[in-house]
Each structure stands twice: as structure tokens, then as C-alpha cells.
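This is query30.txt (compact mmCIF, C-alpha atoms).
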```txt
# COMPACT_ATOMS: atom_id res chain seq x y z
CA MET A 1 5.95 -8.41 7.76
CA ASN A 2 3.29 -11.12 7.98
CA VAL A 3 2.10 -9.78 11.32
CA ILE A 4 1.81 -6.22 10.05
CA TRP A 5 0.01 -7.31 6.91
CA LEU A 6 -2.48 -9.31 8.95
CA PHE A 7 -2.92 -6.36 11.31
CA PHE A 8 -3.77 -3.99 8.45
CA LEU A 9 -6.23 -6.40 6.86
CA LEU A 10 -7.96 -7.84 9.93
CA GLY A 11 -7.91 -4.48 11.74
CA GLY A 12 -9.65 -2.87 8.78
CA ILE A 13 -12.20 -5.67 8.41
CA GLY A 14 -12.92 -5.69 12.15
CA ILE A 15 -13.47 -1.97 12.32
CA ALA A 16 -15.62 -1.90 9.20
CA ALA A 17 -17.76 -4.67 10.69
CA SER A 18 -18.18 -2.83 13.99
CA HIS A 19 -19.09 0.39 12.16
CA GLY A 20 -21.58 -1.46 10.01
CA ASP A 21 -20.06 -0.42 6.69
CA ILE A 22 -18.48 -3.66 5.53
CA GLN A 23 -18.72 -2.53 1.91
CA LYS A 24 -15.72 -0.27 2.55
CA VAL A 25 -13.45 -3.32 2.84
CA THR A 26 -14.19 -4.35 -0.72
CA ASP A 27 -13.88 -0.76 -1.96
CA GLY A 28 -10.55 -0.28 -0.23
CA ALA A 29 -9.19 -3.60 -1.47
CA LEU A 30 -10.13 -3.00 -5.10
CA LYS A 31 -8.90 0.58 -5.02
CA GLY A 32 -5.58 -0.60 -3.62
CA ALA A 33 -5.21 -3.36 -6.20
CA GLU A 34 -5.93 -1.02 -9.08
CA MET A 35 -3.50 1.55 -7.75
CA ALA A 36 -0.78 -1.11 -7.44
CA VAL A 37 -0.97 -1.94 -11.12
CA GLU A 38 -1.12 1.74 -12.05
CA VAL A 39 1.99 2.48 -10.00
CA ALA A 40 3.88 -0.51 -11.38
CA LEU A 41 3.03 0.23 -15.01
CA GLY A 42 3.72 3.93 -14.47
CA LEU A 43 7.26 3.02 -13.49
CA ILE A 44 8.06 1.25 -16.78
CA GLY A 45 8.95 4.32 -18.84
CA ALA A 46 11.34 6.05 -16.46
CA MET A 47 12.70 2.71 -15.30
CA SER A 48 13.56 1.57 -18.84
CA LEU A 49 15.13 4.92 -19.67
CA TRP A 50 17.40 4.96 -16.63
CA LEU A 51 18.27 1.28 -16.79
CA GLY A 52 19.29 1.80 -20.41
CA ILE A 53 21.49 4.74 -19.49
CA MET A 54 22.90 2.78 -16.55
CA ARG A 55 23.88 -0.10 -18.83
CA ILE A 56 25.95 2.30 -20.94
CA ALA A 57 27.57 3.63 -17.76
CA GLN A 58 28.29 0.09 -16.63
CA GLU A 59 29.85 -1.01 -19.93
CA ALA A 60 31.93 2.14 -19.98
CA GLY A 61 33.27 1.20 -16.55
CA LEU A 62 31.76 4.25 -14.85
CA ILE A 63 29.95 2.29 -12.12
CA ARG A 64 33.25 0.78 -10.98
CA VAL A 65 34.84 4.23 -10.92
CA VAL A 66 31.98 5.52 -8.77
CA ALA A 67 32.28 2.46 -6.50
CA ARG A 68 36.00 3.11 -6.05
CA LEU A 69 35.39 6.79 -5.21
CA ALA A 70 32.78 5.79 -2.65
CA ARG A 71 35.00 3.23 -0.97
CA PRO A 72 36.36 5.24 1.97
CA PHE A 73 33.00 5.79 3.63
CA MET A 74 31.11 2.88 2.11
CA GLU A 75 33.55 0.36 3.61
CA ARG A 76 32.35 1.11 7.11
CA LEU A 77 28.67 1.23 6.24
CA PHE A 78 28.70 -1.91 4.08
CA PRO A 79 31.46 -4.17 5.44
CA SER A 80 29.85 -7.23 3.83
CA ILE A 81 30.17 -5.91 0.26
CA PRO A 82 33.60 -6.60 -1.30
CA ALA A 83 35.65 -3.53 -2.25
CA ASN A 84 35.02 -2.25 -5.79
CA HIS A 85 31.89 -4.39 -6.18
CA PRO A 86 29.41 -2.71 -8.56
CA ALA A 87 26.77 -2.81 -5.78
CA LEU A 88 28.61 0.06 -4.07
CA GLY A 89 28.46 2.11 -7.28
CA HIS A 90 24.72 1.54 -7.61
CA ILE A 91 24.13 2.38 -3.95
CA LEU A 92 26.00 5.66 -4.31
CA MET A 93 24.12 6.53 -7.51
CA ASN A 94 20.79 5.87 -5.76
CA LEU A 95 21.67 7.96 -2.72
CA SER A 96 22.92 10.82 -4.93
CA ALA A 97 19.71 10.76 -6.95
CA ASN A 98 17.76 10.92 -3.69
CA VAL A 99 19.81 13.85 -2.42
CA LEU A 100 19.26 15.71 -5.69
CA GLY A 101 15.53 14.92 -5.61
CA LEU A 102 15.61 12.92 -8.86
CA GLY A 103 12.82 10.52 -7.89
CA SER A 104 12.49 8.93 -11.31
CA ALA A 105 16.19 8.01 -11.40
CA ALA A 106 16.49 6.99 -7.76
CA THR A 107 14.14 4.00 -8.07
CA PRO A 108 15.88 2.30 -11.03
CA PHE A 109 19.32 2.91 -9.46
CA GLY A 110 17.97 1.39 -6.25
CA MET A 111 16.66 -1.66 -8.14
CA LYS A 112 20.15 -2.23 -9.60
CA ALA A 113 21.68 -1.87 -6.13
CA MET A 114 19.22 -4.40 -4.72
CA GLN A 115 19.91 -6.85 -7.58
CA ALA A 116 23.65 -6.60 -6.99
CA MET A 117 23.20 -7.14 -3.24
CA GLN A 118 20.80 -10.04 -3.83
CA GLU A 119 23.54 -11.76 -5.87
CA LEU A 120 25.87 -11.43 -2.89
CA ASN A 121 23.00 -12.70 -0.72
CA ARG A 122 22.86 -15.84 -2.92
CA ASN A 123 19.20 -15.08 -3.78
CA ARG A 124 17.85 -15.91 -0.36
CA PRO A 125 14.30 -14.73 0.47
CA GLU A 126 15.70 -13.09 3.61
CA ALA A 127 17.12 -9.56 3.57
CA SER A 128 20.89 -9.29 3.97
CA ALA A 129 22.53 -6.91 6.44
CA ALA A 130 23.75 -4.76 3.55
CA MET A 131 20.18 -4.42 2.21
CA CYS A 132 18.92 -3.32 5.62
CA THR A 133 21.63 -0.66 5.87
CA PHE A 134 20.94 0.53 2.34
CA LEU A 135 17.21 0.88 2.99
CA ALA A 136 17.77 2.58 6.34
CA MET A 137 19.83 5.19 4.48
CA ASN A 138 17.46 5.35 1.55
CA THR A 139 14.25 5.91 3.53
CA SER A 140 15.82 8.58 5.72
CA CYS A 141 17.83 10.25 2.98
CA ILE A 142 18.39 13.99 2.79
CA THR A 143 16.88 15.89 -0.13
CA ILE A 144 18.55 19.19 -0.89
CA VAL A 145 15.74 20.44 -3.11
CA PRO A 146 12.31 19.24 -1.97
CA ALA A 147 10.92 20.39 -5.32
CA THR A 148 7.35 19.06 -5.02
CA ILE A 149 6.56 20.71 -1.71
CA ILE A 150 8.18 23.99 -2.80
CA SER A 151 5.87 24.08 -5.82
CA VAL A 152 2.87 23.39 -3.53
CA ARG A 153 3.97 26.35 -1.38
CA VAL A 154 4.40 28.56 -4.44
CA ALA A 155 0.90 27.61 -5.59
CA ALA A 156 -0.49 28.54 -2.14
CA ASN A 157 1.12 32.02 -2.41
CA SER A 158 3.76 31.57 0.26
CA GLY A 159 5.76 34.68 1.14
CA ASN A 160 8.93 32.58 1.13
CA PRO A 161 8.47 29.14 -0.43
CA THR A 162 12.05 27.97 0.18
CA GLU A 163 12.34 29.01 3.86
CA ILE A 164 11.66 25.40 4.85
CA VAL A 165 14.78 24.00 3.12
CA VAL A 166 17.24 24.52 5.99
CA PRO A 167 15.02 23.14 8.79
CA THR A 168 14.14 20.23 6.48
CA ILE A 169 17.81 19.36 5.96
CA LEU A 170 18.53 19.65 9.70
CA ALA A 171 15.57 17.44 10.66
CA THR A 172 16.51 14.82 8.04
CA THR A 173 20.08 14.77 9.30
CA VAL A 174 18.77 13.87 12.76
CA GLY A 175 16.49 11.18 11.29
CA MET A 176 19.25 9.71 9.13
CA SER A 177 21.76 9.61 12.00
CA VAL A 178 19.27 7.75 14.18
CA ALA A 179 18.43 5.32 11.36
CA VAL A 180 22.06 4.54 10.55
CA THR A 181 22.95 4.15 14.23
CA ALA A 182 19.95 1.89 14.89
CA ASP A 183 20.84 -0.18 11.84
CA TRP A 184 24.44 -0.52 13.00
CA LEU A 185 23.38 -1.61 16.48
CA LEU A 186 20.90 -4.16 15.13
CA ARG A 187 23.36 -5.49 12.59
CA THR A 188 26.05 -5.98 15.24
CA TYR A 189 23.55 -7.58 17.62
CA PHE A 190 22.28 -10.10 15.07
CA GLN A 191 25.78 -10.92 13.85
CA ARG A 192 26.91 -11.70 17.39
CA ARG A 193 23.89 -13.88 18.01
CA ARG A 194 24.50 -15.88 14.88
CA GLY A 195 28.16 -16.21 15.81
CA MET B 1 15.80 29.41 -5.49
CA SER B 2 17.24 30.23 -8.90
CA ILE B 3 20.45 28.33 -8.09
CA PHE B 4 18.38 25.34 -7.02
CA ASN B 5 16.32 25.58 -10.17
CA THR B 6 19.33 25.74 -12.46
CA LEU B 7 20.97 22.91 -10.58
CA SER B 8 18.00 20.60 -10.91
CA GLN B 9 17.48 21.49 -14.55
CA TRP B 10 21.07 20.70 -15.43
CA THR B 11 21.62 17.49 -13.46
CA VAL B 12 19.83 15.05 -15.75
CA PRO B 13 21.14 16.41 -19.09
CA MET B 14 24.69 16.57 -17.68
CA LEU B 15 24.43 13.02 -16.38
CA PHE B 16 23.26 11.84 -19.81
CA ALA B 17 26.11 13.70 -21.51
CA VAL B 18 28.83 12.40 -19.16
CA ILE B 19 27.65 8.80 -19.48
CA LEU B 20 27.29 8.97 -23.27
CA ILE B 21 30.71 10.58 -23.74
CA ALA B 22 32.32 8.00 -21.42
CA GLY B 23 30.60 5.27 -23.42
CA ALA B 24 31.81 6.68 -26.72
CA VAL B 25 35.39 7.08 -25.44
CA ARG B 26 35.42 3.50 -24.15
CA LYS B 27 34.03 2.33 -27.52
CA VAL B 28 30.80 0.96 -26.02
CA LYS B 29 28.09 0.20 -28.58
CA VAL B 30 25.88 2.78 -26.85
CA TYR B 31 22.64 2.04 -28.68
CA ASP B 32 22.91 -1.72 -28.18
CA ALA B 33 23.81 -1.25 -24.52
CA PHE B 34 20.90 1.13 -23.94
CA VAL B 35 18.34 -1.24 -25.42
CA ALA B 36 19.74 -4.21 -23.51
CA GLY B 37 19.50 -2.28 -20.26
CA ALA B 38 16.08 -0.81 -20.93
CA GLU B 39 14.66 -4.27 -21.55
CA GLU B 40 14.92 -4.91 -17.84
CA GLY B 41 12.62 -1.99 -17.00
CA PHE B 42 9.52 -3.89 -18.02
CA THR B 43 10.51 -7.12 -16.27
CA ILE B 44 11.21 -5.33 -13.00
CA ALA B 45 7.97 -3.35 -13.11
CA VAL B 46 5.89 -6.48 -13.76
CA LYS B 47 7.72 -8.38 -11.02
CA LEU B 48 6.70 -5.65 -8.57
CA ILE B 49 2.96 -6.05 -9.18
CA PRO B 50 2.19 -8.88 -6.70
CA TYR B 51 4.13 -7.14 -3.92
CA LEU B 52 2.50 -3.80 -4.62
CA VAL B 53 -0.99 -5.33 -4.77
CA ALA B 54 -0.44 -7.03 -1.40
CA MET B 55 0.77 -3.83 0.22
CA LEU B 56 -1.63 -1.35 -1.34
CA VAL B 57 -4.67 -3.58 -0.76
CA ALA B 58 -3.77 -3.79 2.94
CA ILE B 59 -3.22 -0.03 3.16
CA GLY B 60 -6.38 0.63 1.14
CA ILE B 61 -8.53 -1.42 3.52
CA PHE B 62 -6.83 0.09 6.57
CA ARG B 63 -7.53 3.59 5.31
CA GLU B 64 -11.00 3.22 3.80
CA THR B 65 -12.51 1.47 6.82
CA GLY B 66 -11.45 4.13 9.29
CA ALA B 67 -8.93 1.92 11.08
CA MET B 68 -6.29 4.55 10.38
CA ASP B 69 -8.43 7.21 12.09
CA MET B 70 -8.59 5.01 15.16
CA VAL B 71 -4.80 4.76 15.26
CA MET B 72 -4.67 8.56 15.07
CA ASN B 73 -7.13 8.91 17.95
CA ALA B 74 -5.03 6.53 19.97
CA ILE B 75 -1.85 8.57 19.42
CA SER B 76 -3.40 12.02 19.86
CA PRO B 77 -3.14 12.21 23.70
CA LEU B 78 0.61 11.64 23.37
CA THR B 79 1.12 14.30 20.70
CA ASN B 80 -1.09 16.75 22.61
CA PHE B 81 1.11 16.14 25.62
CA LEU B 82 4.19 17.00 23.52
CA GLY B 83 2.46 20.15 22.27
CA ILE B 84 2.28 19.00 18.65
CA PRO B 85 -0.68 20.51 16.78
CA GLY B 86 -3.37 17.85 16.22
CA GLU B 87 -3.96 18.95 12.63
CA ILE B 88 -0.60 17.51 11.63
CA LEU B 89 -1.34 14.00 12.89
CA PRO B 90 -3.09 12.67 9.77
CA LEU B 91 0.01 13.59 7.77
CA ALA B 92 2.31 11.87 10.25
CA VAL B 93 0.31 8.64 10.11
CA MET B 94 -0.24 8.75 6.34
CA ARG B 95 3.34 9.56 5.41
CA PRO B 96 4.99 6.13 5.78
CA LEU B 97 2.03 4.40 4.10
CA SER B 98 1.20 6.34 0.96
CA GLY B 99 3.15 8.95 -0.96
CA SER B 100 0.25 10.32 -2.98
CA GLY B 101 -2.03 10.22 0.08
CA ALA B 102 0.49 12.16 2.17
CA LEU B 103 1.05 14.74 -0.54
CA GLY B 104 -2.71 15.22 -0.72
CA VAL B 105 -2.97 15.74 3.05
CA ALA B 106 0.04 18.09 3.08
CA THR B 107 -1.34 20.17 0.19
CA GLU B 108 -4.67 20.47 1.94
CA LEU B 109 -3.03 21.51 5.23
CA ILE B 110 -0.90 24.11 3.45
CA GLN B 111 -3.90 25.53 1.63
CA THR B 112 -6.32 25.64 4.57
CA HIS B 113 -3.86 26.89 7.20
CA GLY B 114 -1.74 28.98 4.81
CA PRO B 115 1.80 28.11 3.69
CA ASP B 116 3.37 30.52 6.19
CA SER B 117 1.40 29.34 9.23
CA PHE B 118 3.02 27.03 11.79
CA VAL B 119 1.00 24.03 10.59
CA GLY B 120 1.71 24.88 6.94
CA ARG B 121 5.44 25.13 7.55
CA LEU B 122 5.51 22.00 9.67
CA ALA B 123 3.64 20.07 6.96
CA SER B 124 6.15 21.29 4.36
CA ILE B 125 9.12 20.25 6.48
CA MET B 126 7.66 16.85 7.33
CA GLN B 127 6.94 16.13 3.71
CA GLY B 128 10.63 16.55 2.96
CA THR B 129 12.04 14.73 5.98
CA THR B 130 10.02 11.54 6.21
CA ASP B 131 9.57 8.90 3.56
CA THR B 132 6.98 6.40 2.35
CA THR B 133 8.80 3.63 4.20
CA PHE B 134 6.26 0.89 3.46
CA PHE B 135 6.19 1.70 -0.23
CA VAL B 136 9.97 1.87 -0.57
CA LEU B 137 10.50 -1.42 1.26
CA THR B 138 7.78 -3.08 -0.83
CA ILE B 139 9.26 -2.17 -4.19
CA TYR B 140 12.95 -2.48 -3.30
CA PHE B 141 12.57 -5.88 -1.68
CA GLY B 142 9.89 -6.91 -4.19
CA ALA B 143 12.21 -6.33 -7.13
CA VAL B 144 14.59 -9.02 -5.89
CA GLY B 145 12.03 -11.37 -4.34
CA VAL B 146 12.99 -10.80 -0.71
CA ARG B 147 10.06 -11.53 1.62
CA GLN B 148 11.66 -11.40 5.06
CA TYR B 149 12.47 -7.78 5.82
CA ARG B 150 14.14 -8.53 9.19
CA TYR B 151 14.72 -5.35 11.16
CA SER B 152 14.61 -2.93 8.23
CA LEU B 153 10.93 -1.99 8.74
CA PHE B 154 11.73 -1.11 12.34
CA THR B 155 14.69 1.10 11.34
CA GLY B 156 12.66 2.79 8.61
CA LEU B 157 9.76 3.59 10.94
CA LEU B 158 12.16 4.70 13.67
CA ALA B 159 13.65 7.13 11.16
CA ASP B 160 10.17 8.42 10.34
CA VAL B 161 9.23 8.98 13.98
CA THR B 162 12.57 10.67 14.70
CA SER B 163 12.32 12.86 11.62
CA PHE B 164 8.76 13.79 12.59
CA LEU B 165 9.80 14.89 16.08
CA ALA B 166 12.89 16.65 14.70
CA SER B 167 10.67 18.49 12.20
CA VAL B 168 8.48 19.77 15.03
CA TYR B 169 11.57 20.84 16.97
CA PHE B 170 13.27 22.67 14.10
CA CYS B 171 10.02 24.23 12.89
CA ARG B 172 9.54 25.70 16.35
CA LEU B 173 13.18 26.78 16.54
CA PHE B 174 13.13 28.55 13.17
CA PHE B 175 9.60 29.94 13.06
CA GLY B 176 8.56 29.96 16.74
```
Represent the supplied structure as C-alpha cells.
Amino acid sequence: MNVIWLFFLLGGIGIAASHGDIQKVTDGALKGAEMAVEVALGLIGAMSLWLGIMRIAQEAGLIRVVARLARPFMERLFPSIPANHPALGHILMNLSANVLGLGSAATPFGMKAMQAMQELNRNRPEASAAMCTFLAMNTSCITIVPATIISVRVAANSGNPTEIVVPTILATTVGMSVAVTADWLLRTYFQRRRG
Amino acid sequence: MSIFNTLSQWTVPMLFAVILIAGAVRKVKVYDAFVAGAEEGFTIAVKLIPYLVAMLVAIGIFRETGAMDMVMNAISPLTNFLGIPGEILPLAVMRPLSGSGALGVATELIQTHGPDSFVGRLASIMQGTTDTTFFVLTIYFGAVGVRQYRYSLFTGLLADVTSFLASVYFCRLFFG
């Protein structure tokens, strides 16, 4: 991550210098910083709402029920998470929210999943194997209803706004399979190396 | 479309209802539990700020200064070779970095080329298949204070590249 961060920053500064518009570095930096705070504060409302609802679900024992239902296929994907651990429930909730296109709910569910996995990771600053698998699935996840882009197509007077749904699902399936396979290979490789 | 619409309209209310009923049946103090849970929303959001500033400042500089355009120019011979329309490239490069930026580019492509053109359809498909990998990793890892991402950035970007190529393939297959 450090290398990529340096590459973004120094690459940008270098190119601005060679183009003679160094002012753009400052503009870009300030714009980015402002946007970061906007994004973070913008999350508070939806995040609080869903975390509140999730706490009710947790105290009612629903997260454990979900975790138990998810066990058959989660066991293989997340061998390091103990069976019936709430982390599995949160992971499944996050992936379902992603599939259904509920962006505002997916993020808070994902935060809970990460917190649960970080507990198992004993709060180390290094990502655990389970986190890597979870994020590989999360970033390549299928969305059944890509609502935003459909509304953009409707606004542009498309003859058939939803015609893209099937190819989208097929293409995501390919992407997700590759991501999960790559994650599995890397996880196995690093586990072997560590012994 | 109408089934999709009804489905997405009903999911959230149904979820609320199921959770509240389960809470009531299990004699959870629902109001107390809600407030206790919601309290965390603020803490998490504030905790994200340093990570988001670091990431979005880097992306902001990379974009503003034209460094991103240079990356695109560097890739374009390869995509031309694969027969991928050059107009789509800005979207492909923007997508993993910035969600709002990518949506802006996609909207513009759909409007200028028409939603039912090849580029318009491809932009629509790509928008749904790839994700803002950098953003997702920043906030998910940021929320729990993880700073070493190990191989997860590689897997995420690999998924984006694969999904991009698969989008081109399926777009051509379906719409020629």
C-alpha cells in the first residue's frame, strides 16, 4: 500500500511539474481532503440507522441464525472463522445487501463483519486471510439490480434500460470466480510459506 | 423491471419488520438496543476520516495533474489491439479509484454515445460489474485500523480487470 500511495502522490507531483502546472497538485490535494470528510460524514446517518437495526437483530439472536444457515458454503471460504461465529452472519448480511443493491446497508454490515474478523485477528495491523477473502468477494460481488445505472439509462431515453442486466450478471460471475480463485491460491501459498 | 422495482422497494421495510418482530418475540428492549447500536455509527465514520483523506488526496492529485491520463495513454495500444473501443478507457481506469468519478464518466458516455450504442451498453455493464476497489479497501480496512492490506489489493484489481474484459466479451456477444 505504501508503494502505491507514493506512486500516486509522486507521480502526480512529477507530472504536474513537467507540465508546468504545479498548482494542480495543491488543488487536487485539497479537493481530495474535503471530499474525504464529506464522504465520511455523509455515512453517519445511514450507518447509525443500520447499526442500530443490526444491534436489535444481534440481541434477538438473528445474526447467529444467519451464520448457522450460511455455514455449509462459508466453511470452505472462511476456514479460519470458527463455526457459528457472528462474523459469518455479518459477512452473509453484507454480501446479501450487495447482491440486492442496498449500498447504504452493505457498508455498515461490512464494518460489523470487519470488526468481528479483527477480533479474531487479535487486532493486528495486518489483514487476516479471512479479511482478504471477504474483500475479494465484496469487491467483485454480483448485483442483481444495478439500480443507479438503470436510472441513468432511463434518463438517456434508452429503448430497453434493463437489457444490460443479464450480461452484467454473467460478467460479474466471471470476475467473482477469478477473484475467489486467486484469493484461495494466494491464501494457500502464504499459509504454506509460513508453515 | 416492475418485479425488480417491487423487490427493491420491499426489501428494506421487510427487513426492518422481520428484525423488529424477532426482537419483540425474544423480549429485546428494542429501543435501547437500537440506540446502543446506532451510537457506533458516528465513531466508525470519524475513525474513517484519516484513511479516506490519505486515499482521496492521493487519487485527487493523481487525477488533477493528468497523471491518470498518462496511464490511459500507456494502456491504449493494448486495448486497441484487443479491439476495445478507446472511449471506454477513462471509465476502466477511473472505476477502481472513484465511485462518483466513474459514475460521472459513465453517465457522460451514455449520454454522448446513446444508451443503446455499443459504448453506451458497455459503459452500463462495466458500471455494474466492477467496483471502487481502492475506496472499499480504504474504508473496510480503515474501520478496524488495518494498514497492511497484503494481497487483497491485488485480488481486487485482478477482479476489476477480469470483469472489464468479461464485460467487453459479453457486450459483444449479446449486442454484437
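Those residues that approach region 5-14 of chain A to within 7 Å, counting only C-alpha atoms, are Met1, Ser18 and Val25 of chain A; Ala58, Ile59, Ile61, Phe62, Thr65 and Ala67 of chain B; same-chain residues fewer than 4 positions away are not listed.
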Inset, instruction - Please tell me which residues are no farther than 9 Å from (0.6, 4.7, 6.1) in the file, counting all atoms listed in the file, and write them as a ChimeraX atom specification. - result: /B:59,62-63,68,92-99,101-102,132-135
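Summary of the local environment: counting all atoms listed in the file, residues at most 6 Å from Gly60 (chain B), other than itself and those fewer than 3 positions away along its chain, are Gly28, Ala29 and Gly32 of chain A; Leu56, Val57, Arg63 and Glu64 of chain B.
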Inset, instruction - For CA of Pro90 (chain B) and CA of Met126 (chain B), quote the distance in Å rounded to one decimal. - result: 11.8 Å
Inset, instruction - For CA of Asn84 (chain A) and CA of Ile144 (chain A), quote the distance in Å rounded to one decimal. - result: 27.5 Å
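If you count all atoms listed in the file and ignore residues fewer than 3 places along the chain from Pro146 (chain A), what sits within 6 Å of it is Thr143 and Ile149 of chain A; Gly128 of chain B.
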Inset, instruction - Give me, please, the distance in Å between CA of Leu52 (chain B) and CA of Ala130 (chain A), quoted to one decimal. - result: 22.8 Å
Inset, instruction - Measuring atom to atom with all atoms listed in the file, identify which of A:Asp21, A:Glu119, A:Glu126, A:Glu38 is nearest to chain B. - result: A:Glu126
Inset, instruction - Give the answer as one residue: which of B:Ala123, B:Ile44, B:Ala54, B:Val12 has the shortest atom-to-atom distance to Ile88 (chain B), using all atoms listed in the file? - result: B:Ala123
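Between chain A and the residues B:Asp69, B:Ile84, B:Asp131, B:Ile21, the shortest atom-to-atom distance, using all atoms listed in the file, involves B:Asp131.
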Padded axis-aligned box of region 70-84 of chain A (8 Å per side), centre and edge lengths, Å, one decimal, as lines of an AutoDock Vina configuration file:
```
center_x = 32.5
center_y = -0.7
center_z = 0.7
size_x = 23.7
size_y = 29.0
size_z = 28.9
```
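If you measure from each of A:Ile91, A:Ala116, A:Met111, A:Val99 to chain B using all atoms listed in the file, the closest one turns out to be A:Met111.
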Neighbours of Tyr149 (chain B) within 9 Å (only C-alpha atoms; same-chain residues fewer than 6 positions away dropped), as a PDB file with C-alpha atoms, in the coordinates of the input?
```pdb
ATOM      1  CA  MET A   1       5.950  -8.410   7.760  1.00  0.00           C
ATOM      2  CA  PRO A 125      14.300 -14.730   0.470  1.00  0.00           C
ATOM      3  CA  GLU A 126      15.700 -13.090   3.610  1.00  0.00           C
ATOM      4  CA  ALA A 127      17.120  -9.560   3.570  1.00  0.00           C
ATOM      5  CA  SER A 128      20.890  -9.290   3.970  1.00  0.00           C
ATOM      6  CA  CYS A 132      18.920  -3.320   5.620  1.00  0.00           C
TER       7      CYS A 132
ATOM      8  CA  LEU B 137      10.500  -1.420   1.260  1.00  0.00           C
ATOM      9  CA  PHE B 141      12.570  -5.880  -1.680  1.00  0.00           C
TER      10      PHE B 141
END
```
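Closest approach to Gly142 (chain B) from the set A:Met114, A:Leu49, A:Leu88, A:Ile4 is made by A:Met114, with distances taken over only C-alpha atoms.
Residue neighbourhood of Pro79 (chain A), excluding near-sequence residues (fewer than 3 positions): Arg71, Pro72, Phe73, Met74, Glu75, Arg76, Pro82, Ala83, Asn84, His85, Leu88, Ser128, Ala129, Ala130, Met131, Thr133, Phe134, Trp184, Arg187 and Thr188 of chain A, at 12 Å, using all atoms listed in the file.
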Legend entry - Nearest candidate to chain A (options B:Gly120, B:Gly23, B:Pro13, B:Pro77; using only C-alpha atoms): B:Gly23
